[in-house]
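Text of the file upload_28.cif, holding mmCIF, C-alpha atoms and all ligand atoms:
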data_structure
loop_
_atom_site.group_PDB
_atom_site.id
_atom_site.type_symbol
_atom_site.label_atom_id
_atom_site.label_comp_id
_atom_site.auth_asym_id
_atom_site.auth_seq_id
_atom_site.Cartn_x
_atom_site.Cartn_y
_atom_site.Cartn_z
ATOM 1 C CA MET A 181 124.683 92.109 99.021
ATOM 2 C CA ASN A 182 124.263 94.215 102.151
ATOM 3 C CA ASP A 183 127.252 96.451 102.723
ATOM 4 C CA SER A 184 126.874 100.130 103.479
ATOM 5 C CA ALA A 185 127.400 101.026 99.809
ATOM 6 C CA HIS A 186 124.723 98.571 98.644
ATOM 7 C CA PRO A 187 122.189 98.135 101.444
ATOM 8 C CA LEU A 188 119.285 95.735 100.945
ATOM 9 C CA PRO A 189 116.024 97.376 99.828
ATOM 10 C CA LEU A 190 114.239 95.863 102.845
ATOM 11 C CA ILE A 191 115.161 94.143 106.090
ATOM 12 C CA VAL A 192 112.386 93.122 108.476
ATOM 13 C CA ASP A 193 114.229 92.276 111.671
ATOM 14 C CA ASN A 194 112.293 90.480 114.424
ATOM 15 C CA VAL A 195 109.259 92.694 114.003
ATOM 16 C CA SER A 196 106.261 92.468 116.335
ATOM 17 C CA ARG A 197 103.040 94.482 116.254
ATOM 18 C CA ALA A 198 99.947 94.100 118.395
ATOM 19 C CA PHE A 199 96.581 95.818 118.154
ATOM 20 C CA SER A 200 93.934 96.194 120.799
ATOM 21 C CA ARG A 201 90.546 94.731 120.000
ATOM 22 C CA GLY A 202 87.751 94.998 122.536
ATOM 23 C CA GLY A 203 90.346 95.602 125.245
ATOM 24 C CA SER A 204 92.332 92.449 124.383
ATOM 25 C CA PRO A 205 95.638 92.475 122.494
ATOM 26 C CA VAL A 206 95.757 90.892 119.032
ATOM 27 C CA GLU A 207 99.295 89.966 118.008
ATOM 28 C CA ALA A 208 99.227 90.713 114.283
ATOM 29 C CA LEU A 209 103.000 90.145 113.877
ATOM 30 C CA ARG A 210 105.280 88.164 116.179
ATOM 31 C CA GLU A 211 109.028 88.332 115.594
ATOM 32 C CA VAL A 212 108.743 88.278 111.815
ATOM 33 C CA ASN A 213 111.921 88.274 109.736
ATOM 34 C CA LEU A 214 112.423 88.923 106.043
ATOM 35 C CA GLU A 215 115.205 90.141 103.763
ATOM 36 C CA VAL A 216 114.475 91.387 100.261
ATOM 37 C CA LYS A 217 117.342 91.640 97.807
ATOM 38 C CA TYR A 218 117.717 94.122 94.974
ATOM 39 C CA GLY A 219 115.721 92.993 91.930
ATOM 40 C CA GLU A 220 113.828 90.318 93.847
ATOM 41 C CA PHE A 221 110.064 89.737 93.570
ATOM 42 C CA ILE A 222 108.631 88.308 96.781
ATOM 43 C CA ALA A 223 105.050 87.297 97.512
ATOM 44 C CA ILE A 224 103.685 87.108 101.041
ATOM 45 C CA MET A 225 100.965 84.494 101.435
ATOM 46 C CA GLY A 226 98.915 83.345 104.399
ATOM 47 C CA ALA A 227 95.349 82.823 105.492
ATOM 48 C CA SER A 228 93.086 85.729 106.317
ATOM 49 C CA GLY A 229 94.297 87.353 109.536
ATOM 50 C CA SER A 230 97.823 85.889 109.293
ATOM 51 C CA GLY A 231 99.386 89.364 109.288
ATOM 52 C CA LYS A 232 100.143 89.937 105.586
ATOM 53 C CA SER A 233 98.742 93.447 105.325
ATOM 54 C CA THR A 234 100.175 94.460 108.697
ATOM 55 C CA LEU A 235 103.615 93.354 107.487
ATOM 56 C CA LEU A 236 103.263 95.298 104.239
ATOM 57 C CA HIS A 237 102.004 98.384 106.064
ATOM 58 C CA ALA A 238 104.882 98.120 108.543
ATOM 59 C CA ALA A 239 107.340 97.871 105.628
ATOM 60 C CA ALA A 240 105.701 100.969 104.143
ATOM 61 C CA GLY A 241 105.995 102.847 107.431
ATOM 62 C CA LEU A 242 102.211 103.224 107.487
ATOM 63 C CA THR A 243 102.097 101.195 110.718
ATOM 64 C CA ARG A 244 104.699 101.687 113.440
ATOM 65 C CA VAL A 245 106.056 98.449 114.930
ATOM 66 C CA ASP A 246 106.170 97.667 118.668
ATOM 67 C CA ALA A 247 109.492 95.797 118.533
ATOM 68 C CA GLY A 248 112.154 94.967 115.972
ATOM 69 C CA ARG A 249 113.348 97.039 113.043
ATOM 70 C CA ILE A 250 112.233 97.858 109.505
ATOM 71 C CA VAL A 251 115.297 98.908 107.528
ATOM 72 C CA ILE A 252 114.758 100.340 104.040
ATOM 73 C CA SER A 253 117.890 100.852 101.941
ATOM 74 C CA GLY A 254 119.991 101.100 105.098
ATOM 75 C CA GLN A 255 117.635 103.423 107.015
ATOM 76 C CA ASP A 256 115.901 102.143 110.160
ATOM 77 C CA ILE A 257 112.556 103.856 109.623
ATOM 78 C CA SER A 258 111.609 103.762 113.313
ATOM 79 C CA GLU A 259 114.312 106.403 113.836
ATOM 80 C CA LEU A 260 112.445 108.861 111.604
ATOM 81 C CA SER A 261 109.902 111.411 112.807
ATOM 82 C CA ASP A 262 106.496 111.262 111.108
ATOM 83 C CA SER A 263 107.327 114.128 108.746
ATOM 84 C CA ARG A 264 110.740 112.698 107.807
ATOM 85 C CA LEU A 265 109.146 109.283 107.351
ATOM 86 C CA THR A 266 106.603 110.752 104.930
ATOM 87 C CA LYS A 267 109.399 112.308 102.860
ATOM 88 C CA PHE A 268 111.475 109.139 103.071
ATOM 89 C CA ARG A 269 108.521 107.011 101.948
ATOM 90 C CA ARG A 270 107.879 109.278 98.964
ATOM 91 C CA LYS A 271 111.484 108.998 97.852
ATOM 92 C CA HIS A 272 112.219 105.339 98.520
ATOM 93 C CA LEU A 273 108.924 103.452 98.337
ATOM 94 C CA GLY A 274 106.137 102.974 95.824
ATOM 95 C CA ILE A 275 102.877 101.577 97.140
ATOM 96 C CA VAL A 276 100.018 99.983 95.195
ATOM 97 C CA PHE A 277 96.709 99.052 96.822
ATOM 98 C CA GLN A 278 93.831 96.805 95.803
ATOM 99 C CA SER A 279 91.553 99.821 95.427
ATOM 100 C CA PHE A 280 93.927 101.835 93.152
ATOM 101 C CA ASN A 281 93.487 105.016 95.300
ATOM 102 C CA LEU A 282 93.645 107.374 92.333
ATOM 103 C CA ILE A 283 92.434 110.959 92.652
ATOM 104 C CA PRO A 284 89.147 110.907 90.702
ATOM 105 C CA THR A 285 89.350 114.542 89.590
ATOM 106 C CA LEU A 286 92.826 114.202 88.044
ATOM 107 C CA SER A 287 93.699 112.712 84.674
ATOM 108 C CA ALA A 288 95.870 109.602 84.453
ATOM 109 C CA GLU A 289 98.998 111.629 83.741
ATOM 110 C CA ASP A 290 98.286 114.092 86.556
ATOM 111 C CA ASN A 291 97.768 111.207 88.987
ATOM 112 C CA VAL A 292 101.152 109.834 87.955
ATOM 113 C CA ARG A 293 102.788 113.263 88.134
ATOM 114 C CA LEU A 294 101.434 113.964 91.621
ATOM 115 C CA PRO A 295 104.169 112.413 93.800
ATOM 116 C CA SER A 296 106.946 113.749 91.578
ATOM 117 C CA SER A 297 105.578 117.288 91.585
ATOM 118 C CA LEU A 298 105.246 117.119 95.371
ATOM 119 C CA ASP A 299 108.922 116.310 95.594
ATOM 120 C CA GLU A 300 109.991 118.643 92.790
ATOM 121 C CA HIS A 301 111.364 115.755 90.772
ATOM 122 C CA GLN A 302 111.616 115.989 87.024
ATOM 123 C CA ASP A 303 108.353 114.770 85.528
ATOM 124 C CA ASP A 304 109.660 114.158 82.018
ATOM 125 C CA GLN A 305 109.483 110.434 82.589
ATOM 126 C CA VAL A 306 105.700 110.399 83.073
ATOM 127 C CA ASP A 307 104.946 109.768 79.406
ATOM 128 C CA ALA A 308 107.669 107.142 79.196
ATOM 129 C CA LEU A 309 106.201 105.362 82.208
ATOM 130 C CA LEU A 310 102.656 105.481 80.849
ATOM 131 C CA ASP A 311 104.003 104.102 77.579
ATOM 132 C CA ARG A 312 105.914 101.381 79.425
ATOM 133 C CA LEU A 313 102.725 100.374 81.209
ATOM 134 C CA GLY A 314 100.698 100.340 77.976
ATOM 135 C CA ILE A 315 98.377 103.270 78.790
ATOM 136 C CA LEU A 316 99.948 106.250 77.033
ATOM 137 C CA ASP A 317 96.802 106.658 74.931
ATOM 138 C CA ARG A 318 94.791 106.963 78.164
ATOM 139 C CA ARG A 319 96.893 109.751 79.643
ATOM 140 C CA LYS A 320 94.178 112.408 79.430
ATOM 141 C CA HIS A 321 91.441 110.124 80.773
ATOM 142 C CA MET A 322 89.956 110.488 84.245
ATOM 143 C CA PRO A 323 90.021 107.362 86.443
ATOM 144 C CA GLY A 324 86.231 106.981 86.148
ATOM 145 C CA ALA A 325 86.594 106.612 82.379
ATOM 146 C CA MET A 326 89.175 103.819 82.627
ATOM 147 C CA SER A 327 88.852 100.080 83.241
ATOM 148 C CA GLY A 328 90.051 98.566 86.525
ATOM 149 C CA GLY A 329 93.157 97.185 84.833
ATOM 150 C CA GLU A 330 93.974 100.576 83.325
ATOM 151 C CA GLN A 331 93.485 102.273 86.690
ATOM 152 C CA GLN A 332 95.829 99.803 88.349
ATOM 153 C CA ARG A 333 98.433 100.480 85.635
ATOM 154 C CA VAL A 334 98.129 104.194 86.414
ATOM 155 C CA ALA A 335 98.563 103.391 90.122
ATOM 156 C CA ILE A 336 101.682 101.341 89.330
ATOM 157 C CA ALA A 337 103.057 104.182 87.176
ATOM 158 C CA ARG A 338 102.426 106.609 90.044
ATOM 159 C CA ALA A 339 104.189 104.250 92.445
ATOM 160 C CA LEU A 340 107.228 104.057 90.147
ATOM 161 C CA VAL A 341 107.564 107.705 89.151
ATOM 162 C CA CYS A 342 110.045 108.583 91.897
ATOM 163 C CA GLN A 343 112.194 105.537 91.052
ATOM 164 C CA PRO A 344 111.578 103.825 94.412
ATOM 165 C CA ASP A 345 113.982 101.276 95.847
ATOM 166 C CA LEU A 346 111.037 99.010 96.620
ATOM 167 C CA LEU A 347 107.521 98.570 95.207
ATOM 168 C CA LEU A 348 104.993 97.362 97.784
ATOM 169 C CA ALA A 349 101.706 95.916 96.533
ATOM 170 C CA ASP A 350 98.780 94.924 98.755
ATOM 171 C CA GLU A 351 96.472 92.517 96.873
ATOM 172 C CA PRO A 352 97.004 94.526 93.647
ATOM 173 C CA THR A 353 94.772 92.213 91.613
ATOM 174 C CA GLY A 354 92.057 91.875 94.268
ATOM 175 C CA SER A 355 89.627 94.190 92.474
ATOM 176 C CA LEU A 356 90.294 92.846 88.991
ATOM 177 C CA ASP A 357 88.881 89.975 86.948
ATOM 178 C CA SER A 358 91.256 87.038 86.589
ATOM 179 C CA VAL A 359 92.433 87.825 83.028
ATOM 180 C CA THR A 360 93.206 91.453 83.894
ATOM 181 C CA GLY A 361 94.786 90.347 87.168
ATOM 182 C CA GLN A 362 97.140 88.049 85.274
ATOM 183 C CA GLU A 363 98.079 90.897 82.923
ATOM 184 C CA ILE A 364 99.025 93.033 85.931
ATOM 185 C CA CYS A 365 101.068 90.141 87.386
ATOM 186 C CA LYS A 366 102.894 89.679 84.070
ATOM 187 C CA LEU A 367 103.648 93.378 84.030
ATOM 188 C CA LEU A 368 105.114 93.245 87.546
ATOM 189 C CA ARG A 369 107.220 90.242 86.523
ATOM 190 C CA GLN A 370 108.510 92.167 83.489
ATOM 191 C CA LEU A 371 109.365 95.162 85.661
ATOM 192 C CA CYS A 372 111.580 92.842 87.714
ATOM 193 C CA ASP A 373 113.102 90.988 84.774
ATOM 194 C CA GLU A 374 113.679 93.948 82.483
ATOM 195 C CA GLU A 375 114.229 96.850 84.880
ATOM 196 C CA GLN A 376 115.431 95.120 88.066
ATOM 197 C CA ARG A 377 112.576 96.566 90.107
ATOM 198 C CA THR A 378 112.243 95.106 93.601
ATOM 199 C CA ILE A 379 108.726 94.039 94.554
ATOM 200 C CA LEU A 380 107.048 92.838 97.743
ATOM 201 C CA LEU A 381 103.478 91.751 97.084
ATOM 202 C CA VAL A 382 100.763 90.453 99.411
ATOM 203 C CA THR A 383 98.238 87.974 98.077
ATOM 204 C CA HIS A 384 96.261 84.925 99.094
ATOM 205 C CA GLU A 385 96.030 83.649 95.503
ATOM 206 C CA PRO A 386 98.537 81.038 94.215
ATOM 207 C CA ASN A 387 98.068 82.238 90.623
ATOM 208 C CA VAL A 388 99.290 85.680 91.693
ATOM 209 C CA ALA A 389 102.060 84.490 94.017
ATOM 210 C CA MET A 390 103.414 82.176 91.297
ATOM 211 C CA TRP A 391 104.858 85.193 89.450
ATOM 212 C CA ALA A 392 107.227 85.930 92.346
ATOM 213 C CA ASP A 393 110.728 84.477 92.801
ATOM 214 C CA ARG A 394 110.054 83.464 96.374
ATOM 215 C CA ILE A 395 106.931 82.970 98.471
ATOM 216 C CA VAL A 396 107.023 83.740 102.181
ATOM 217 C CA VAL A 397 104.199 82.176 104.166
ATOM 218 C CA LEU A 398 102.884 83.708 107.377
ATOM 219 C CA ARG A 399 100.677 82.007 109.909
ATOM 220 C CA ASP A 400 99.190 83.615 113.015
ATOM 221 C CA GLY A 401 101.570 86.558 112.607
ATOM 222 C CA THR A 402 104.776 84.524 112.401
ATOM 223 C CA ASN A 403 107.027 83.191 109.630
ATOM 224 C CA LEU A 404 105.755 79.693 108.856
ATOM 225 C CA SER A 405 108.083 78.936 105.950
ATOM 226 C CA GLU A 406 109.060 79.995 102.452
ATOM 227 C CA PHE A 407 109.742 78.405 99.103
ATOM 228 C CA LYS A 408 111.025 79.310 95.663
ATOM 229 C CA THR A 409 108.480 79.259 92.860
ATOM 230 C CA PRO A 410 108.730 76.785 90.000
ATOM 231 C CA ASP A 411 110.302 78.294 86.870
ATOM 232 C CA ARG A 412 107.262 77.827 84.693
ATOM 233 C CA HIS A 413 104.846 79.803 86.869
ATOM 234 C CA ASP A 414 102.597 76.869 87.652
ATOM 235 C CA PRO A 415 99.649 77.846 89.888
ATOM 236 C CA LEU A 416 98.847 74.226 90.782
ATOM 237 C CA GLU A 417 102.401 73.577 91.930
ATOM 238 C CA VAL A 418 102.380 76.753 94.042
ATOM 239 C CA ALA A 419 98.950 75.882 95.493
ATOM 240 C CA HIS A 420 100.206 72.372 96.298
ATOM 241 C CA GLN A 421 103.380 73.588 98.036
ATOM 242 C CA TYR A 422 101.447 76.239 99.936
ATOM 243 C CA GLN A 423 98.774 73.817 101.127
ATOM 244 C CA SER A 424 101.425 71.243 102.103
ATOM 245 C CA LEU A 425 103.178 73.845 104.215
ATOM 246 C CA LEU A 426 99.976 74.820 105.977
ATOM 247 C CA THR A 427 99.092 71.169 106.583
ATOM 248 C CA VAL A 428 102.543 70.155 107.820
ATOM 249 C CA GLY A 429 102.782 73.326 109.865
ATOM 250 C CA SER A 430 99.537 72.549 111.612
ATOM 251 C CA CYS A 431 100.601 69.083 112.851
HETATM 252 N N1 LIG A 501 93.832 98.249 113.091
HETATM 253 C C1 LIG A 501 93.611 97.067 113.659
HETATM 254 N N2 LIG A 501 92.955 96.976 114.834
HETATM 255 C C2 LIG A 501 92.748 95.784 115.432
HETATM 256 N N3 LIG A 501 93.157 94.605 114.912
HETATM 257 C C3 LIG A 501 93.797 94.638 113.740
HETATM 258 C C4 LIG A 501 94.064 95.852 113.045
HETATM 259 N N4 LIG A 501 94.729 95.570 111.904
HETATM 260 C C5 LIG A 501 94.873 94.227 111.873
HETATM 261 N N5 LIG A 501 94.320 93.675 112.971
HETATM 262 C C6 LIG A 501 94.292 92.250 113.301
HETATM 263 O O1 LIG A 501 95.596 91.750 113.110
HETATM 264 C C7 LIG A 501 95.541 90.450 112.537
HETATM 265 C C8 LIG A 501 96.307 90.466 111.204
HETATM 266 O O2 LIG A 501 95.576 91.283 110.301
HETATM 267 P P1 LIG A 501 96.055 91.525 108.796
HETATM 268 O O3 LIG A 501 95.063 92.448 108.157
HETATM 269 O O4 LIG A 501 97.469 91.926 108.781
HETATM 270 O O5 LIG A 501 95.914 90.065 108.184
HETATM 271 P P2 LIG A 501 95.887 89.619 106.654
HETATM 272 O O6 LIG A 501 96.675 88.366 106.588
HETATM 273 O O7 LIG A 501 96.295 90.739 105.782
HETATM 274 O O8 LIG A 501 94.347 89.309 106.450
HETATM 275 P P3 LIG A 501 93.453 89.416 105.099
HETATM 276 O O9 LIG A 501 93.994 88.400 104.127
HETATM 277 O O10 LIG A 501 92.068 89.063 105.584
HETATM 278 O O11 LIG A 501 93.551 90.830 104.607
HETATM 279 C C9 LIG A 501 94.064 90.097 112.381
HETATM 280 O O12 LIG A 501 93.664 89.372 113.526
HETATM 281 C C10 LIG A 501 93.406 91.445 112.362
HETATM 282 O O13 LIG A 501 92.077 91.374 112.821
#

Structure rendered as structure tokens:
Amino acid sequence: MNDSAHPLPLIVDNVSRAFSRGGSPVEALREVNLEVKYGEFIAIMGASGSGKSTLLHAAAGLTRVDAGRIVISGQDISELSDSRLTKFRRKHLGIVFQSFNLIPTLSAEDNVRLPSSLDEHQDDQVDALLDRLGILDRRKHMPGAMSGGEQQRVAIARALVCQPDLLLADEPTGSLDSVTGQEICKLLRQLCDEEQRTILLVTHEPNVAMWADRIVVLRDGTNLSEFKTPDRHDPLEVAHQYQSLLTVGSC
């Protein structure tokens, strides 16, 4: 649904972005299109350098685009000044990175509380969120005293504390061992299934992408194709479909 009362969480409309490297332009994104519906879990896949992180950063408003539009919940973010964009991002988006990006001198609960206190939101849901993410008993711990999986759960709690319209995740399992990475993926899946969270995740791993509803494949900064994931979260099937697309696309 995309009427003015129920705008889509994310529309990427013909977005292009180039960087300069050694004096030559590098086209990281070329007329990329994507629509994310409420409650959807989408994975972006593609080879190294295909533009995945640039797309996620553009969706987060961390990278300005050269052409096209990024529309979050009905707002074209290119129309916002830097300061309004920062406020808008805090209210509407949650962002999770591979490296957790927690403040090392703050406890788990204070890391989670940080964005909400900045925006003067109620913080009474911090404990509930930590409980939901299975780390309530770690709430007084500093990041350095927590495992990688626990730190990523804190980062996810922090990203969700302002009830964002969209959760963006850039290789969220990239720093974790495979068992812990799968636990984080399962958690993201549950957040979609049980709480209708909307998630856009970047990964190059089929066993991470398989948890999404839909996989969008980029190549050389453009949309190559997309496919729905099999119901039973089968990494081999996802790897097969992904490789077939890349092979067919390269003919
Ligand atoms: N700040 C930058 N300056 C110059 N070139 C950049 C910059 N950011 C990205 N690029 C280039 O844009 C292209 C897309 O990069 P991007 O990081 O989005 O790809 P990716 O698919 O996320 O790659 P990876 O899987 O290796 O992280 C690459 O050629 C990259 O070198």

Around ligand LIG 501 (chain A), which protein and nucleic acid residues have at least one atom no more than 10 Å from it, if we count only C-alpha atoms and all ligand atoms? List them as a VMD selection string.
chain A and resid 197 to 202 204 to 209 224 to 238 243 350 to 351 382 to 384 398 to 401

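The gap separating atom CA of Met326 of chain A from atom CA of Phe221 of chain A is 27.5 Å, in Å to one decimal.
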
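Residue membership of the PyMOL selection byres (((chain A and resi 411) around 12) and not hetatm) in the shown file amounts to A:Met390, A:Trp391, A:Ala392, A:Asp393, A:Arg394, A:Lys408, A:Thr409, A:Pro410, A:Arg412, A:His413, A:Asp414, A:Pro415, A:Glu417, A:Val418.
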
Would you translate the PyMOL selection byres (((chain A and resi 310) around 9) and not hetatm) into the concrete set of residues it matches in this file, as number ranges by chain?
A: 288-289, 292, 305-309, 311-319, 333-334, 337

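Between atom CA of Phe407 of chain A and atom CA of Ile252 of chain A the interatomic distance comes to 23.0 Å.
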
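When all atoms listed in the file are used to measure the gap to Ser405 of chain A, the shortest distance among A:Asn194, A:Leu214, A:Pro352, A:Gly324 belongs to A:Leu214.
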
Please identify all polymer residues within 10 Å of Ser279 of chain A, counting all atoms listed in the file, omitting same-chain residues fewer than 4 positions from it, and present them as a PyMOL selection string.
chain A and resi 328+331-332+335+350-356

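Here atom CA of Ile275 of chain A is placed at a distance of 19.6 Å from atom CA of Arg249 of chain A.
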
With only C-alpha atoms as the atoms that count, which of A:Ile336, A:Arg244, A:Asp193, A:Gln343 lies nearest to Asp262 of chain A?
A:Arg244

Proximity to Asn387 of chain A - best of A:Leu426, A:Leu371, A:Ala339, A:Cys365, all atoms listed in the file:
A:Cys365

Give me the residues within 7 Å of segment 378-381 of chain A as a tab-separated table (two decimals) with C-alpha atoms, in the frame of the given file, counting only C-alpha atoms and dropping any in the same chain fewer than 3 places off.
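To be explicit, this is the file written out as selection_24.tsv:
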chain	number	residue	atom	x	y	z
A	218	TYR	CA	117.72	94.12	94.97
A	219	GLY	CA	115.72	92.99	91.93
A	220	GLU	CA	113.83	90.32	93.85
A	221	PHE	CA	110.06	89.74	93.57
A	222	ILE	CA	108.63	88.31	96.78
A	223	ALA	CA	105.05	87.30	97.51
A	224	ILE	CA	103.68	87.11	101.04
A	345	ASP	CA	113.98	101.28	95.85
A	346	LEU	CA	111.04	99.01	96.62
A	347	LEU	CA	107.52	98.57	95.21
A	348	LEU	CA	104.99	97.36	97.78
A	349	ALA	CA	101.71	95.92	96.53
A	350	ASP	CA	98.78	94.92	98.76
A	372	CYS	CA	111.58	92.84	87.71

Starting from 5 Å padding per side, set up an axis-aligned box that covers all listed atoms of segment 250-254 of chain A and hand over centre and edge lengths in Å, one decimal, as lines of an AutoDock Vina configuration file.
center_x = 116.1
center_y = 99.5
center_z = 105.7
size_x = 17.8
size_y = 13.2
size_z = 17.6

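For the choices A:Pro323, A:Arg269, A:Val212, A:Ile364, the atom-to-atom distance to Asp290 of chain A is smallest for A:Pro323 when using all atoms listed in the file.
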
Give me, as a ChimeraX atom specification, all polymer residues having an atom no more than 12 Å from Ser253 of chain A, counting only C-alpha atoms and skipping those fewer than 6 positions away in the same chain.
/A:181-192,215-218,239,268-269,271-273,344-346,378

Would you write out those residues with C-alpha atoms, as a compact mmCIF listing (two decimals), keeping the file's coordinate frame?
# COMPACT_ATOMS: atom_id res chain seq x y z
CA MET A 181 124.68 92.11 99.02
CA ASN A 182 124.26 94.22 102.15
CA ASP A 183 127.25 96.45 102.72
CA SER A 184 126.87 100.13 103.48
CA ALA A 185 127.40 101.03 99.81
CA HIS A 186 124.72 98.57 98.64
CA PRO A 187 122.19 98.14 101.44
CA LEU A 188 119.28 95.74 100.94
CA PRO A 189 116.02 97.38 99.83
CA LEU A 190 114.24 95.86 102.84
CA ILE A 191 115.16 94.14 106.09
CA VAL A 192 112.39 93.12 108.48
CA GLU A 215 115.20 90.14 103.76
CA VAL A 216 114.48 91.39 100.26
CA LYS A 217 117.34 91.64 97.81
CA TYR A 218 117.72 94.12 94.97
CA ALA A 239 107.34 97.87 105.63
CA PHE A 268 111.48 109.14 103.07
CA ARG A 269 108.52 107.01 101.95
CA LYS A 271 111.48 109.00 97.85
CA HIS A 272 112.22 105.34 98.52
CA LEU A 273 108.92 103.45 98.34
CA PRO A 344 111.58 103.82 94.41
CA ASP A 345 113.98 101.28 95.85
CA LEU A 346 111.04 99.01 96.62
CA THR A 378 112.24 95.11 93.60

Hey, what comes out of the PyMOL selection byres (((chain A and resi 282) around 7) and not hetatm) on this file? Could you write it as an MDAnalysis selection string?
chainID A and resid 280:281 283:284 291 323 335
